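The structure under discussion appears below in the form of structure tokens.
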Amino acid sequence: MVTSVFQTTQSHQLFAEAQNLMPGGVNSPVRAFKSVGSEPVFIERAEGAYIWDVDGNRYIEYINTWGPSIVGHANPEVIAALQEALPRGTSFGAPTRLENQMAQMVIDAIPAVEMVRFVSSGTEATMSALRLARAYTGREMILKFQGCYHGHADMLLVQAGSGVATLGLPDSPGVPKSTAANTLTAPYNDLEAVAEIFKKYPDQIAALIIEPVVGNAGCIVPNAGFLEGLRTLTEQYGTVLIFDEVMTGFRLSYGGAQARFGIEPDLTCLGKIIGGGLPVGAYAGRRKIMEMVAPAGPMYQAGTLSGNPLAMTAGIKTLEILKRPGAYEKLEQLSARLADGLLNIAKETGHAACGNRVGAMFTLFFTDGPVNNFEDAKGSDLGKFAKFHRGMLERGIYLAPSQFEAAFMSLAHTEADIDATLQAARTVLSAIPR
Ligand SMILES: *Cc1c(COP(=O)(O)O)cnc(C)c1O
């Protein structure tokens, strides 16, 4: 919380050491706080809506481990389930009852899902789903949207949003031109552009992959009719429609974005929340497509730690908690209170601002808006965002260190946490020059 002098000596020391040990001092780029021109705090522990850094500063936090900790950090029920599972062993490389149980829960939650394959990350999920779509259609091209991030597989590091945009890399060296050549991109929310691309390559596009609500360029909401239009076009051209719900799955509703918007994709990618804070991913969908996956079919995909018993245990408990009556209503109400509050305060203090929100996922962009695609998002005042981020951190509020990320609410947050956050925002925004 508010300490008289914000002090991060230990974090500074650890970050200096880390930079000698790991590239950039981190194991995932956005953690380095580069895009806000500062340094990360090193975390000691987390509980509920709070995290503590190694210098003893406490923060109300809205990163939620980048999504997974929707039931709150170190949720007592999840911890108890893990403690109960741990003595039985951490990994078997053989099937378990837990995988059946978790698969059934995913199938029951998402109408478009009839079968599921668990993997160990979201990256693996999207990479495998695209291989499956290519195997199923016998086609090679894929279509994605500018600003959407689907993990770091070669073919997907094209116009890939937050991490990549934040670092100012258009894509990445090391990705073969031949691989990128099979990836087509369109602006998000531009159905006409998509229709043009299908006209140009009517029988070559294996899959269209999309974040149904974008999180990785900041939160961007699909315009009315956009997702429906994609469903119609992909059906018309025999293209597999993949919803990458690694972020939105079990966040925007128990059935994800697809239940919220009433669209059924052919394949769905999951991750983050379904692992309850342990490494996990999944791809899932219609039986006739999923039965192509080995060993039922010829498309090869495997994983030593896939369906890991601890990840399944944490995931099952997390979904059980989310399924209880009132969970999503609470998330909705708390998120509206914070997102609306932030937008109002930004406007009252004279800043150009645009607030995008769906359920427990939102972004305050420092631009007049509207923000309907990645180009719009890039029009934000990044210098102002960096000042805002730093000011909030110093006042005990931990936000994602990039304008191109979404904020997440958890069930552990309270109205008092949100009011404290809004109060900090008012102080910070009042002090930032317009
Ligand atoms: C986080 C994310 C991924 C990648 O998941 P990892 O577990 O980090 O590999 C893929 N797609 C979306 C939409 C994501 O938000």
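We name chains A, B, ... following the order of the structure tokens; residues begin at 1 in each chain, and ligands are numbered from 1 as shown.
Selecting all polymer residues at most 7 Å from ligand 1, using only C-alpha atoms and all ligand atoms, gives Ser121, Gly122, Thr123, Glu124, Thr126, Tyr149, His150, Gly151, Glu211, Gly215, Asn216, Asp244, Glu245, Val246, Met247, Gly271, Lys272, Val280 and Gly281 of chain A.
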Pull N, CA, C and O atoms from the residues just selected and write them as an mmCIF file, in the first residue's frame.
```cif
data_model
loop_
_atom_site.group_PDB
_atom_site.id
_atom_site.type_symbol
_atom_site.label_atom_id
_atom_site.label_comp_id
_atom_site.auth_asym_id
_atom_site.auth_seq_id
_atom_site.Cartn_x
_atom_site.Cartn_y
_atom_site.Cartn_z
ATOM 1 N N SER A 121 0.979 -25.506 -22.749
ATOM 2 C CA SER A 121 0.948 -24.044 -22.845
ATOM 3 C C SER A 121 -0.029 -23.612 -23.928
ATOM 4 O O SER A 121 -0.443 -24.431 -24.772
ATOM 5 N N GLY A 122 -0.359 -22.341 -23.918
ATOM 6 C CA GLY A 122 -1.224 -21.791 -24.953
ATOM 7 C C GLY A 122 -0.551 -21.835 -26.314
ATOM 8 O O GLY A 122 -1.199 -22.068 -27.340
ATOM 9 N N THR A 123 0.754 -21.603 -26.315
ATOM 10 C CA THR A 123 1.523 -21.671 -27.568
ATOM 11 C C THR A 123 1.366 -23.038 -28.227
ATOM 12 O O THR A 123 1.111 -23.144 -29.426
ATOM 13 N N GLU A 124 1.518 -24.077 -27.424
ATOM 14 C CA GLU A 124 1.351 -25.436 -27.953
ATOM 15 C C GLU A 124 -0.073 -25.669 -28.466
ATOM 16 O O GLU A 124 -0.284 -26.376 -29.443
ATOM 17 N N THR A 126 -2.286 -23.463 -29.790
ATOM 18 C CA THR A 126 -2.579 -22.828 -31.091
ATOM 19 C C THR A 126 -1.769 -23.475 -32.205
ATOM 20 O O THR A 126 -2.275 -23.698 -33.304
ATOM 21 N N TYR A 149 -2.385 -12.020 -30.589
ATOM 22 C CA TYR A 149 -1.252 -12.862 -30.213
ATOM 23 C C TYR A 149 -1.773 -14.269 -29.957
ATOM 24 O O TYR A 149 -2.764 -14.454 -29.256
ATOM 25 N N HIS A 150 -1.094 -15.222 -30.552
ATOM 26 C CA HIS A 150 -1.522 -16.617 -30.369
ATOM 27 C C HIS A 150 -0.369 -17.486 -29.907
ATOM 28 O O HIS A 150 -0.266 -18.655 -30.287
ATOM 29 N N GLY A 151 0.527 -16.943 -29.099
ATOM 30 C CA GLY A 151 1.714 -17.693 -28.721
ATOM 31 C C GLY A 151 2.834 -17.408 -29.698
ATOM 32 O O GLY A 151 2.664 -16.649 -30.644
ATOM 33 N N GLU A 211 -8.516 -14.095 -31.725
ATOM 34 C CA GLU A 211 -8.941 -13.869 -30.347
ATOM 35 C C GLU A 211 -10.339 -13.255 -30.473
ATOM 36 O O GLU A 211 -10.462 -12.127 -30.941
ATOM 37 N N GLY A 215 -7.190 -9.462 -26.422
ATOM 38 C CA GLY A 215 -6.603 -9.042 -25.152
ATOM 39 C C GLY A 215 -5.178 -8.575 -25.337
ATOM 40 O O GLY A 215 -4.661 -7.790 -24.557
ATOM 41 N N ASN A 216 -4.543 -9.056 -26.403
ATOM 42 C CA ASN A 216 -3.108 -8.858 -26.563
ATOM 43 C C ASN A 216 -2.717 -7.622 -27.370
ATOM 44 O O ASN A 216 -1.555 -7.468 -27.750
ATOM 45 N N ASP A 244 -9.157 -18.618 -30.538
ATOM 46 C CA ASP A 244 -8.112 -18.730 -29.534
ATOM 47 C C ASP A 244 -8.652 -18.103 -28.252
ATOM 48 O O ASP A 244 -8.639 -16.889 -28.078
ATOM 49 N N GLU A 245 -9.134 -18.975 -27.376
ATOM 50 C CA GLU A 245 -9.712 -18.519 -26.108
ATOM 51 C C GLU A 245 -8.763 -18.806 -24.938
ATOM 52 O O GLU A 245 -9.219 -19.054 -23.817
ATOM 53 N N VAL A 246 -7.470 -18.791 -25.233
ATOM 54 C CA VAL A 246 -6.497 -19.004 -24.166
ATOM 55 C C VAL A 246 -6.703 -17.942 -23.070
ATOM 56 O O VAL A 246 -6.614 -18.247 -21.877
ATOM 57 N N MET A 247 -7.005 -16.716 -23.475
ATOM 58 C CA MET A 247 -7.257 -15.666 -22.487
ATOM 59 C C MET A 247 -8.732 -15.575 -22.095
ATOM 60 O O MET A 247 -9.067 -15.441 -20.925
ATOM 61 N N GLY A 271 -6.162 -22.284 -22.312
ATOM 62 C CA GLY A 271 -4.929 -22.272 -21.526
ATOM 63 C C GLY A 271 -5.202 -21.473 -20.269
ATOM 64 O O GLY A 271 -6.340 -21.393 -19.816
ATOM 65 N N LYS A 272 -4.176 -20.825 -19.730
ATOM 66 C CA LYS A 272 -4.337 -19.913 -18.606
ATOM 67 C C LYS A 272 -5.304 -20.425 -17.527
ATOM 68 O O LYS A 272 -4.915 -21.243 -16.715
ATOM 69 N N VAL A 280 -0.500 -25.132 -18.495
ATOM 70 C CA VAL A 280 -1.479 -25.942 -19.220
ATOM 71 C C VAL A 280 -1.928 -25.256 -20.501
ATOM 72 O O VAL A 280 -1.775 -24.062 -20.680
ATOM 73 N N GLY A 281 -2.446 -26.045 -21.402
ATOM 74 C CA GLY A 281 -3.108 -25.549 -22.595
ATOM 75 C C GLY A 281 -4.020 -26.659 -23.077
ATOM 76 O O GLY A 281 -3.961 -27.786 -22.563
#
```
Who sits within 12 Å of Ala424 (chain A), only C-alpha atoms, same chain under 3 positions skipped, as a ChimeraX atom specification: /A:1-2,59-60,338,341-342,345-346,388-398,417-421,427-431
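Pairwise distance (CA of Glu39 (chain A), CA of Phe6 (chain A)) equals 13.4 Å.
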Residues of region 179-421 of chain A in alpha helix (DSSP H), written as a PyMOL selection string: chain A and resi 179-180+191-200+226-237+256-261+287-290+309-323+327-348+374-378+382-394+415-421
Best match for closeness to Pro309 (chain A) among A:Ala181, A:Leu130, A:Leu82, A:Ile209, counting only C-alpha atoms: A:Leu82
Residue nearest Ala412 (chain A) - candidates A:Leu191, A:Ala46, A:Ala282, A:Ile432, atoms counted: only C-alpha atoms: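 Residue with the minimum atom-to-atom distance to Ala412 (chain A): A:Ala46.
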Residue contacts of Thr183 (chain A) (7 Å, only C-alpha atoms) excluding same-chain residues fewer than 3 positions away, as a PyMOL selection string: chain A and resi 141-143+155+180
Glu77 (chain A) environment, 9 Å, only C-alpha atoms, sequence neighbours closer than 5 positions dropped, as an NGL selection string: :A and (82 or 317-318 or 321)
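Across A:Ala195, A:Leu252, A:Ala311, A:Met127, the tightest approach to Ala85 (chain A) is made by A:Ala311 when counting only C-alpha atoms.
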May I have the residues within 10 Å of Gly303 (chain A) as a PDB file with all heavy atoms, in the first residue's frame, using only C-alpha atoms and disregarding those fewer than 4 positions away in the same chain?
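The result, written out as out39.pdb:
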```
ATOM      1  N   GLY A  93       3.270 -39.564 -16.813  1.00  0.00           N
ATOM      2  CA  GLY A  93       3.424 -39.912 -18.224  1.00  0.00           C
ATOM      3  C   GLY A  93       2.514 -41.055 -18.630  1.00  0.00           C
ATOM      4  O   GLY A  93       2.838 -41.857 -19.504  1.00  0.00           O
ATOM      5  N   PHE A 118      -5.198 -32.098 -24.080  1.00  0.00           N
ATOM      6  CA  PHE A 118      -4.455 -31.200 -23.198  1.00  0.00           C
ATOM      7  C   PHE A 118      -2.977 -31.143 -23.590  1.00  0.00           C
ATOM      8  O   PHE A 118      -2.385 -32.168 -23.952  1.00  0.00           O
ATOM      9  CB  PHE A 118      -4.587 -31.628 -21.731  1.00  0.00           C
ATOM     10  CG  PHE A 118      -5.978 -31.433 -21.201  1.00  0.00           C
ATOM     11  CD1 PHE A 118      -6.804 -32.522 -20.945  1.00  0.00           C
ATOM     12  CD2 PHE A 118      -6.472 -30.157 -20.983  1.00  0.00           C
ATOM     13  CE1 PHE A 118      -8.099 -32.347 -20.485  1.00  0.00           C
ATOM     14  CE2 PHE A 118      -7.769 -29.974 -20.514  1.00  0.00           C
ATOM     15  CZ  PHE A 118      -8.587 -31.065 -20.267  1.00  0.00           C
ATOM     16  N   VAL A 119      -2.408 -29.938 -23.508  1.00  0.00           N
ATOM     17  CA  VAL A 119      -0.988 -29.702 -23.751  1.00  0.00           C
ATOM     18  C   VAL A 119      -0.462 -28.873 -22.571  1.00  0.00           C
ATOM     19  O   VAL A 119      -1.150 -28.776 -21.549  1.00  0.00           O
ATOM     20  CB  VAL A 119      -0.767 -28.988 -25.113  1.00  0.00           C
ATOM     21  CG1 VAL A 119      -1.128 -29.912 -26.264  1.00  0.00           C
ATOM     22  CG2 VAL A 119      -1.566 -27.689 -25.201  1.00  0.00           C
ATOM     23  N   SER A 120       0.732 -28.290 -22.691  1.00  0.00           N
ATOM     24  CA  SER A 120       1.304 -27.610 -21.521  1.00  0.00           C
ATOM     25  C   SER A 120       1.388 -26.091 -21.618  1.00  0.00           C
ATOM     26  O   SER A 120       1.840 -25.442 -20.677  1.00  0.00           O
ATOM     27  CB  SER A 120       2.694 -28.173 -21.219  1.00  0.00           C
ATOM     28  OG  SER A 120       2.586 -29.535 -20.871  1.00  0.00           O
ATOM     29  N   GLU A 124       1.518 -24.077 -27.424  1.00  0.00           N
ATOM     30  CA  GLU A 124       1.351 -25.436 -27.953  1.00  0.00           C
ATOM     31  C   GLU A 124      -0.073 -25.669 -28.466  1.00  0.00           C
ATOM     32  O   GLU A 124      -0.284 -26.376 -29.443  1.00  0.00           O
ATOM     33  CB  GLU A 124       1.589 -26.444 -26.825  1.00  0.00           C
ATOM     34  CG  GLU A 124       2.965 -27.004 -26.724  1.00  0.00           C
ATOM     35  CD  GLU A 124       2.965 -28.132 -25.699  1.00  0.00           C
ATOM     36  OE1 GLU A 124       3.129 -27.819 -24.499  1.00  0.00           O
ATOM     37  OE2 GLU A 124       2.783 -29.285 -26.086  1.00  0.00           O
ATOM     38  N   GLY A 307      -1.444 -32.981 -19.697  1.00  0.00           N
ATOM     39  CA  GLY A 307      -2.447 -33.529 -18.786  1.00  0.00           C
ATOM     40  C   GLY A 307      -1.875 -33.757 -17.401  1.00  0.00           C
ATOM     41  O   GLY A 307      -2.376 -34.581 -16.631  1.00  0.00           O
ATOM     42  N   ASN A 308      -0.831 -33.016 -17.077  1.00  0.00           N
ATOM     43  CA  ASN A 308      -0.144 -33.162 -15.785  1.00  0.00           C
ATOM     44  C   ASN A 308      -1.132 -33.187 -14.612  1.00  0.00           C
ATOM     45  O   ASN A 308      -2.042 -32.368 -14.527  1.00  0.00           O
ATOM     46  CB  ASN A 308       0.831 -31.992 -15.629  1.00  0.00           C
ATOM     47  CG  ASN A 308       1.505 -32.007 -14.279  1.00  0.00           C
ATOM     48  OD1 ASN A 308       1.035 -31.390 -13.340  1.00  0.00           O
ATOM     49  ND2 ASN A 308       2.572 -32.758 -14.173  1.00  0.00           N
TER      50      ASN A 308
END
```
Contact residues around Asn356 (chain A) with only C-alpha atoms at 12 Å, ignoring same-chain residues under 2 positions, as a ChimeraX atom specification: /A:213-215,217-223,335-336,338-340,342-343,353-354,358-373,377,404-407
Neighbour list for Val54 (chain A) as a VMD selection string, cut-off 12 Å, only C-alpha atoms, skip fewer than 3 positions in-chain: chain A and resid 7 to 15 40 to 46 51 57 to 59
Go ahead and save the picked residues with C-alpha atoms, as a tab-separated table (two decimals), in the first residue's frame.
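part.tsv, freshly written:
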```
chain	number	residue	atom	x	y	z
A	7	GLN	CA	11.46	1.68	-2.06
A	8	THR	CA	12.58	-1.20	-4.29
A	9	THR	CA	16.22	-1.78	-3.35
A	10	GLN	CA	15.98	-5.59	-3.26
A	11	SER	CA	14.12	-5.80	-6.56
A	12	HIS	CA	16.71	-3.53	-8.15
A	13	GLN	CA	19.51	-5.75	-6.88
A	14	LEU	CA	17.83	-8.96	-8.06
A	15	PHE	CA	17.08	-7.48	-11.48
A	40	PRO	CA	10.15	-4.92	-12.60
A	41	VAL	CA	9.50	-5.62	-8.96
A	42	PHE	CA	10.40	-9.15	-7.88
A	43	ILE	CA	7.55	-11.02	-6.25
A	44	GLU	CA	7.79	-12.80	-2.92
A	45	ARG	CA	4.25	-14.14	-2.57
A	46	ALA	CA	0.64	-13.57	-3.52
A	51	ILE	CA	0.97	-9.54	-4.25
A	57	ASN	CA	5.54	-3.52	-0.77
A	58	ARG	CA	1.98	-4.80	-1.12
A	59	TYR	CA	0.03	-4.25	-4.32
```
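Straight-line separation from CA of Glu235 (chain A) to CA of Thr137 (chain A): 12.4 Å.
With only C-alpha atoms as the atoms that count, the minimum distance from Asn75 (chain A) to the choices A:Tyr50, A:Tyr254, A:Tyr300, A:Tyr136 is reached by A:Tyr50.
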Sel. of strand (DSSP E or B) residues, region 37-256 of chain A, as a PyMOL selection string: chain A and resi 43-48+50-53+58-61+73+115-119+141-145+158+171+183-186+205-210+214+216+218+220+240-244
Any chance you can output those residues with C-alpha atoms as a short mmCIF file (atom, residue, chain, number, x, y, z; two decimals), in the first residue's frame?
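Writing the result to part.cif gives the following:
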```cif
data_model
loop_
_atom_site.label_atom_id
_atom_site.label_comp_id
_atom_site.auth_asym_id
_atom_site.auth_seq_id
_atom_site.Cartn_x
_atom_site.Cartn_y
_atom_site.Cartn_z
CA ILE A 43 7.55 -11.02 -6.25
CA GLU A 44 7.79 -12.80 -2.92
CA ARG A 45 4.25 -14.14 -2.57
CA ALA A 46 0.64 -13.57 -3.52
CA GLU A 47 -2.70 -14.06 -1.82
CA GLY A 48 -6.19 -13.22 -3.01
CA TYR A 50 -2.67 -8.93 -3.50
CA ILE A 51 0.97 -9.54 -4.25
CA TRP A 52 3.99 -8.63 -2.16
CA ASP A 53 7.39 -7.81 -3.59
CA ARG A 58 1.98 -4.80 -1.12
CA TYR A 59 0.03 -4.25 -4.32
CA ILE A 60 -3.59 -4.67 -5.35
CA GLU A 61 -3.00 -6.45 -8.61
CA HIS A 73 -3.98 -15.99 -5.82
CA MET A 115 -13.28 -33.72 -27.67
CA VAL A 116 -10.23 -32.15 -26.13
CA ARG A 117 -6.43 -32.66 -26.10
CA PHE A 118 -4.45 -31.20 -23.20
CA VAL A 119 -0.99 -29.70 -23.75
CA MET A 141 -2.41 -20.92 -45.57
CA ILE A 142 -3.69 -19.42 -42.36
CA LEU A 143 -5.37 -16.10 -41.71
CA LYS A 144 -4.86 -14.11 -38.52
CA PHE A 145 -5.60 -10.58 -37.33
CA VAL A 158 3.33 -12.00 -37.73
CA ASP A 171 7.81 -9.54 -36.21
CA THR A 183 0.31 -16.39 -42.83
CA LEU A 184 -2.16 -13.81 -44.11
CA THR A 185 -3.26 -10.94 -41.88
CA ALA A 186 -6.27 -8.66 -41.78
CA ILE A 205 -6.87 -21.09 -46.41
CA ALA A 206 -6.80 -23.93 -43.89
CA ALA A 207 -7.70 -21.90 -40.83
CA LEU A 208 -8.82 -18.53 -39.65
CA ILE A 209 -7.56 -17.98 -36.10
CA ILE A 210 -8.75 -15.13 -33.90
CA VAL A 214 -8.68 -9.22 -28.31
CA ASN A 216 -3.11 -8.86 -26.56
CA GLY A 218 -5.19 -4.16 -25.12
CA ILE A 220 -10.63 -4.75 -28.23
CA VAL A 240 -11.59 -24.15 -40.10
CA LEU A 241 -12.61 -21.38 -37.70
CA ILE A 242 -10.37 -21.37 -34.61
CA PHE A 243 -11.24 -19.27 -31.59
CA ASP A 244 -8.11 -18.73 -29.53
#
```
